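Structure file upload.cif (mmCIF, C-alpha atoms) follows.
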data_final
loop_
_atom_site.label_atom_id
_atom_site.label_comp_id
_atom_site.auth_asym_id
_atom_site.auth_seq_id
_atom_site.Cartn_x
_atom_site.Cartn_y
_atom_site.Cartn_z
CA MET A 25 57.37 -52.06 -48.25
CA SER A 26 57.19 -52.33 -44.45
CA ILE A 27 56.70 -49.06 -42.59
CA PRO A 28 60.06 -49.14 -40.70
CA HIS A 29 61.87 -49.90 -43.97
CA LEU A 30 60.12 -47.03 -45.75
CA VAL A 31 60.90 -44.62 -42.91
CA MET A 32 64.57 -45.61 -42.79
CA ASN A 33 64.97 -45.35 -46.56
CA ALA A 34 62.99 -42.17 -47.02
CA SER A 35 64.61 -39.01 -48.29
CA PHE A 36 66.18 -36.65 -45.78
CA VAL A 37 63.39 -34.09 -46.09
CA VAL A 38 60.64 -36.67 -45.52
CA GLN A 39 62.54 -38.13 -42.56
CA LEU A 40 62.85 -34.65 -41.10
CA VAL A 41 59.10 -34.13 -41.51
CA MET A 42 58.38 -37.45 -39.81
CA LEU A 43 60.76 -36.64 -36.95
CA LEU A 44 59.14 -33.24 -36.44
CA LEU A 45 55.68 -34.80 -36.37
CA ALA A 46 56.78 -37.54 -33.98
CA VAL A 47 58.30 -34.99 -31.58
CA GLY A 48 55.18 -32.82 -31.79
CA SER A 49 52.96 -35.82 -31.07
CA ILE A 50 55.02 -36.91 -28.05
CA LEU A 51 55.11 -33.39 -26.60
CA SER A 52 51.39 -32.93 -27.16
CA TRP A 53 50.64 -36.14 -25.22
CA ILE A 54 52.87 -34.90 -22.39
CA VAL A 55 50.89 -31.64 -22.32
CA ILE A 56 47.59 -33.55 -22.46
CA PHE A 57 48.43 -35.68 -19.41
CA GLN A 58 49.98 -32.76 -17.50
CA ARG A 59 47.09 -30.38 -18.10
CA GLY A 60 44.50 -33.09 -17.50
CA ILE A 61 45.97 -33.90 -14.09
CA ALA A 62 46.34 -30.20 -13.20
CA ILE A 63 42.73 -29.37 -14.12
CA ARG A 64 41.38 -32.41 -12.29
CA ARG A 65 43.34 -31.41 -9.18
CA ALA A 66 42.05 -27.83 -9.47
CA GLN A 67 38.46 -29.11 -9.69
CA ASN A 68 38.91 -31.18 -6.51
CA GLU A 69 40.52 -28.25 -4.68
CA TYR A 70 37.65 -25.96 -5.69
CA ALA A 71 35.05 -28.45 -4.46
CA GLN A 72 36.82 -28.77 -1.10
CA PHE A 73 37.24 -25.02 -0.61
CA GLU A 74 33.66 -24.26 -1.69
CA GLU A 75 32.35 -26.77 0.86
CA THR A 76 34.47 -25.16 3.60
CA PHE A 77 33.53 -21.62 2.59
CA TRP A 78 29.78 -22.24 2.60
CA SER A 79 29.86 -24.29 5.80
CA GLY A 80 29.36 -21.13 7.86
CA VAL A 81 32.98 -20.74 8.95
CA ASP A 82 34.06 -17.27 10.04
CA LEU A 83 35.84 -15.50 7.17
CA ASN A 84 38.58 -14.12 9.42
CA GLU A 85 39.26 -17.58 10.76
CA LEU A 86 39.29 -19.05 7.26
CA TYR A 87 41.73 -16.36 6.11
CA ARG A 88 44.05 -16.95 9.08
CA GLU A 89 44.15 -20.67 8.31
CA ILE A 90 45.72 -19.91 4.90
CA PRO A 91 49.51 -19.51 5.28
CA THR A 92 50.68 -16.26 3.75
CA ASP A 93 53.95 -17.80 2.56
CA ASP A 94 52.19 -20.72 0.86
CA PRO A 95 50.94 -19.85 -2.62
CA ARG A 96 47.31 -20.87 -3.09
CA HIS A 97 45.42 -21.66 -6.26
CA GLY A 98 41.91 -21.45 -7.57
CA ALA A 99 39.05 -19.96 -5.57
CA GLU A 100 41.21 -20.05 -2.46
CA HIS A 101 43.68 -17.72 -4.18
CA VAL A 102 40.84 -15.39 -5.23
CA PHE A 103 39.48 -15.36 -1.67
CA GLN A 104 42.93 -14.76 -0.16
CA ALA A 105 43.66 -11.83 -2.49
CA GLY A 106 40.25 -10.22 -1.96
CA PHE A 107 40.14 -10.58 1.81
CA ARG A 108 43.74 -9.38 2.17
CA GLU A 109 42.83 -6.19 0.32
CA PHE A 110 39.65 -5.89 2.38
CA ASN A 111 41.62 -6.03 5.65
CA ARG A 112 44.18 -3.59 4.28
CA LEU A 113 41.63 -0.95 3.25
CA MET A 114 39.22 -1.25 6.18
CA PRO A 115 41.36 0.74 8.69
CA LYS A 116 42.27 3.35 6.09
CA THR A 117 38.91 4.47 4.73
CA ARG A 118 35.22 4.46 5.56
CA ASN A 119 34.24 4.74 1.91
CA THR A 120 32.43 1.54 0.97
CA SER A 121 32.93 2.02 -2.77
CA THR A 122 36.69 2.45 -2.39
CA ILE A 123 36.98 -0.74 -0.35
CA LEU A 124 34.84 -2.80 -2.72
CA GLU A 125 36.64 -1.52 -5.80
CA GLY A 126 39.99 -2.46 -4.26
CA VAL A 127 38.71 -5.93 -3.37
CA GLN A 128 37.28 -6.44 -6.83
CA ARG A 129 40.51 -5.31 -8.46
CA SER A 130 42.60 -7.70 -6.34
CA MET A 131 40.30 -10.61 -7.09
CA ARG A 132 40.39 -9.80 -10.80
CA VAL A 133 44.21 -9.95 -10.77
CA ALA A 134 44.11 -13.27 -8.90
CA TRP A 135 41.54 -14.62 -11.38
CA SER A 136 43.76 -13.58 -14.29
CA ARG A 137 46.69 -15.46 -12.80
CA GLU A 138 44.52 -18.54 -12.37
CA GLU A 139 43.50 -18.26 -16.00
CA ASP A 140 47.16 -18.24 -17.05
CA ARG A 141 47.85 -21.23 -14.83
CA LEU A 142 44.93 -23.34 -16.05
CA THR A 143 45.47 -22.60 -19.76
CA GLN A 144 49.23 -23.04 -19.63
CA HIS A 145 50.63 -24.90 -22.70
CA LEU A 146 47.19 -25.22 -24.31
CA VAL A 147 48.42 -22.92 -27.07
CA PHE A 148 51.00 -25.58 -27.93
CA LEU A 149 48.21 -28.13 -28.38
CA ALA A 150 46.37 -25.72 -30.66
CA THR A 151 49.56 -25.20 -32.68
CA VAL A 152 50.13 -28.95 -33.09
CA ALA A 153 46.48 -29.44 -34.02
CA SER A 154 46.54 -26.78 -36.72
CA ALA A 155 50.09 -27.18 -38.08
CA SER A 156 50.55 -30.98 -38.14
CA PRO A 157 48.27 -31.68 -41.16
CA TYR A 158 50.11 -29.05 -43.20
CA ILE A 159 53.51 -30.39 -42.18
CA GLY A 160 52.36 -33.88 -43.16
CA LEU A 161 51.02 -32.48 -46.43
CA PHE A 162 54.44 -30.99 -47.12
CA GLY A 163 55.97 -34.46 -46.71
CA THR A 164 53.29 -35.81 -49.04
CA VAL A 165 54.06 -33.24 -51.72
CA TRP A 166 57.78 -33.89 -51.39
CA GLY A 167 57.23 -37.64 -51.73
CA ILE A 168 55.12 -37.18 -54.86
CA MET A 169 57.79 -34.90 -56.31
CA GLY A 170 60.31 -37.69 -55.72
CA SER A 171 58.05 -40.18 -57.47
CA PHE A 172 57.85 -37.94 -60.56
CA GLN A 173 61.61 -37.50 -60.53
CA SER A 174 62.09 -41.27 -60.41
CA LEU A 175 59.66 -41.62 -63.30
CA SER A 176 61.62 -39.12 -65.39
CA MET A 177 64.80 -41.18 -64.99
CA THR A 178 63.29 -44.48 -66.11
CA GLN A 179 62.28 -45.54 -69.59
CA GLN A 180 59.43 -47.74 -68.43
CA ALA A 181 57.18 -46.54 -65.63
CA THR A 182 56.04 -49.28 -63.28
CA LEU A 183 54.24 -49.34 -59.99
CA ALA A 184 57.36 -50.65 -58.29
CA THR A 185 59.22 -47.53 -59.36
CA VAL A 186 56.89 -45.03 -57.76
CA ALA A 187 55.43 -47.13 -54.94
CA PRO A 188 58.14 -46.33 -52.33
CA TRP A 189 57.82 -42.59 -52.91
CA ILE A 190 54.02 -42.71 -52.73
CA ALA A 191 54.22 -44.84 -49.59
CA GLU A 192 56.54 -42.28 -47.98
CA ALA A 193 54.07 -39.56 -48.86
CA LEU A 194 51.18 -41.47 -47.31
CA ILE A 195 53.16 -42.18 -44.14
CA ALA A 196 53.92 -38.47 -43.72
CA THR A 197 50.22 -37.68 -44.16
CA ALA A 198 49.21 -40.36 -41.66
CA MET A 199 51.71 -39.09 -39.09
CA GLY A 200 50.40 -35.56 -39.53
CA LEU A 201 46.86 -36.74 -38.80
CA PHE A 202 48.08 -38.94 -35.94
CA ALA A 203 49.61 -35.87 -34.28
CA ALA A 204 46.75 -33.48 -35.08
CA ILE A 205 43.64 -35.49 -34.16
CA PRO A 206 44.42 -36.09 -30.45
CA ALA A 207 45.66 -32.52 -30.12
CA VAL A 208 42.37 -31.16 -31.50
CA ILE A 209 40.20 -33.40 -29.33
CA PHE A 210 42.03 -32.76 -26.07
CA TYR A 211 42.56 -29.06 -26.75
CA ASN A 212 38.80 -28.60 -27.02
CA ARG A 213 38.16 -30.80 -23.99
CA LEU A 214 40.79 -29.18 -21.76
CA SER A 215 39.86 -25.66 -22.87
CA ASN A 216 36.22 -26.38 -22.08
CA SER A 217 37.10 -27.78 -18.63
CA ALA A 218 39.35 -24.83 -17.85
CA GLY A 219 36.68 -22.39 -19.03
CA ARG A 220 34.00 -23.95 -16.82
CA LEU A 221 36.34 -23.87 -13.82
CA LEU A 222 37.25 -20.24 -14.46
CA GLY A 223 33.54 -19.47 -14.66
CA LYS A 224 33.10 -21.01 -11.21
CA TYR A 225 35.97 -18.85 -9.90
CA GLU A 226 34.27 -15.79 -11.34
CA ASP A 227 30.95 -16.74 -9.77
CA PHE A 228 32.66 -17.25 -6.42
CA ALA A 229 34.31 -13.82 -6.68
CA GLU A 230 30.93 -12.21 -7.34
CA GLU A 231 29.33 -14.00 -4.38
CA PHE A 232 32.24 -13.12 -2.10
CA HIS A 233 32.03 -9.50 -3.25
CA ALA A 234 28.32 -9.48 -2.38
CA ILE A 235 29.04 -10.88 1.11
CA LEU A 236 31.60 -8.16 1.80
CA HIS A 237 29.16 -5.56 0.48
CA ARG A 238 26.48 -6.72 2.93
CA ASN A 239 28.99 -6.68 5.79
CA LEU A 240 29.99 -3.11 4.97
CA GLN A 241 26.34 -2.05 4.76
CA GLY A 242 25.76 -3.61 8.19
CA ARG A 243 28.75 -1.72 9.58
CA ASP A 244 27.52 1.58 8.17
CA SER A 245 24.01 0.98 9.52
CA ALA A 246 25.39 0.17 12.97
CA SER A 247 27.62 3.24 13.05
CA SER A 248 24.78 5.54 11.99
#
Written form, structure tokens:
Amino acid sequence: MSIPHLVMNASFVVQLVMLLLAVGSILSWIVIFQRGIAIRRAQNEYAQFEETFWSGVDLNELYREIPTDDPRHGAEHVFQAGFREFNRLMPKTRNTSTILEGVQRSMRVAWSREEDRLTQHLVFLATVASASPYIGLFGTVWGIMGSFQSLSMTQQATLATVAPWIAEALIATAMGLFAAIPAVIFYNRLSNSAGRLLGKYEDFAEEFHAILHRNLQGRDSASS
């Protein structure tokens, strides 16, 4: 009645359920560590860039320090996209609204790409969290069906007759919960962290948009 013995002697369907749950659990832990490291790195990069941005550095100098051939992430990516569009539209038009709308559109696209990057593979965690209990339940039902079949082929029903099948069913249920519980916990945690970071990116984009708006108003006042 040891767990390895029960797993090795389980029916093919129950073994397949256990294998599927084990693979889902392993992959979900890989996603958890990968996304956790990525979000932590993004938080540190945002803190560093925010400190540099609000230190009073000239925006043109800050933009020139960012290599154009080096893809940036986070708020730095939003800033790079917005200021690039700002520099592109400035020589072409004197219309403040046109320039600001172009900047806002570019920053929105950059923000959307950051959202895709931060939430990458989180859907897999949600799938494991929601599907694993049902997959384990399927193994449980199959094990109970096997126990009833074994009972129908014996003249005297004993606990020893049905115990292995019931044990297989309970193992499948336990594995389903073992895969689902961490996936639920870390999906909520990682989604919350990614959402807060995306909110900071959005706040930065609004503040940067307001800075450019003030600069354009100063230019128009000086020219008039």
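Against this structure, the PyMOL selection byres ((chain A and resi 133) around 12) ends up with His101, Val102, Phe103, Gln104, Ala105, Gly106, Glu109, Gly126, Val127, Gln128, Arg129, Ser130, Met131, Arg132, Ala134, Trp135, Ser136, Arg137, Glu138, Glu139, Asp140, Glu226 and Ala229 of chain A.
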Exercise. What is the atom CA of Val208 of chain A to atom CA of Ala153 of chain A distance in Å?
Worked result: 5.1 Å
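Going from atom CA of Phe77 of chain A over to atom CA of Thr117 of chain A, you cover 26.7 Å.
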Tell me which protein, DNA and RNA residues are within 7 Å of segment 141-146 of chain A, counting all atoms listed in the file, leaving out same-chain ones fewer than 2 positions away, and put them as a PDB file with C-alpha atoms, keeping the file's coordinate frame.
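out34.pdb, freshly written:
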ATOM      1  CA  VAL A  55      50.890 -31.640 -22.320  1.00  0.00           C
ATOM      2  CA  ILE A  63      42.730 -29.370 -14.120  1.00  0.00           C
ATOM      3  CA  ARG A 137      46.690 -15.460 -12.800  1.00  0.00           C
ATOM      4  CA  GLU A 138      44.520 -18.540 -12.370  1.00  0.00           C
ATOM      5  CA  GLU A 139      43.500 -18.260 -16.000  1.00  0.00           C
ATOM      6  CA  PHE A 148      51.000 -25.580 -27.930  1.00  0.00           C
ATOM      7  CA  LEU A 149      48.210 -28.130 -28.380  1.00  0.00           C
ATOM      8  CA  ALA A 150      46.370 -25.720 -30.660  1.00  0.00           C
ATOM      9  CA  TYR A 211      42.560 -29.060 -26.750  1.00  0.00           C
ATOM     10  CA  ALA A 218      39.350 -24.830 -17.850  1.00  0.00           C
TER      11      ALA A 218
END
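The list of residues with at least one atom within 12 Å of Leu83 of chain A, based on all atoms listed in the file and without residues fewer than 3 positions apart in the same chain, reads A:Thr76, A:Phe77, A:Trp78, A:Ser79, A:Gly80, A:Leu86, A:Tyr87, A:Arg88, A:Glu89, A:Ile90, A:Glu100, A:Phe103, A:Gln104, A:Gly106, A:Phe107, A:Arg108, A:Phe110, A:Asn111, A:Phe232, A:Ile235, A:Leu236, A:Asn239.
The nearest approach to Leu40 of chain A among the residues A:Ala204, A:Ala71, A:Leu240, A:Ala196, with only C-alpha atoms taken into account, belongs to A:Ala196.
Take atom CA of Arg238 of chain A and atom CA of Arg220 of chain A: the distance between them is 27.3 Å.
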For this session: Measuring atom to atom with only C-alpha atoms, identify which of A:Asp82, A:Ser156, A:Val165, A:Asn212 is nearest to Gly60 of chain A.
Result: A:Asn212
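Checking A:Ser171, A:Met32, A:Gln241, A:His233 one by one against Glu125 of chain A, counting all atoms listed in the file, you find the shortest gap at A:His233.
Ranking A:Ile61, A:Arg213, A:Ile195, A:Ala99 by their shortest atom-to-atom distance to Glu231 of chain A, with all atoms listed in the file included, puts A:Ala99 first.
Evaluated against the shown file, the PyMOL selection byres ((chain A and resi 48) around 10) gives Met42, Leu43, Leu44, Leu45, Ala46, Val47, Ser49, Ile50, Leu51, Ser52, Trp53, Ile54, Phe148, Leu149, Thr151, Val152, Ala153, Ala155, Ser156, Gly200, Ala203, Ala204 and Ala207 of chain A.
You can rank A:Asn84, A:Phe36, A:Ile209, A:His97 by their closest distance to Asn68 of chain A using all atoms listed in the file, and at the top of that list sits A:His97.
Using all atoms listed in the file, the shortest contact distance between Ile159 of chain A and any of A:Thr197, A:Gln67, A:Pro28, A:Asn216 is found at A:Thr197.
Using all atoms listed in the file, the protein and nucleic acid residues lying no more than 7 Å from Ile168 of chain A, apart from those fewer than 3 places from it along its own chain, are Thr164, Val165, Ser171, Phe172, Trp189, Ile190 and Ala193 of chain A.
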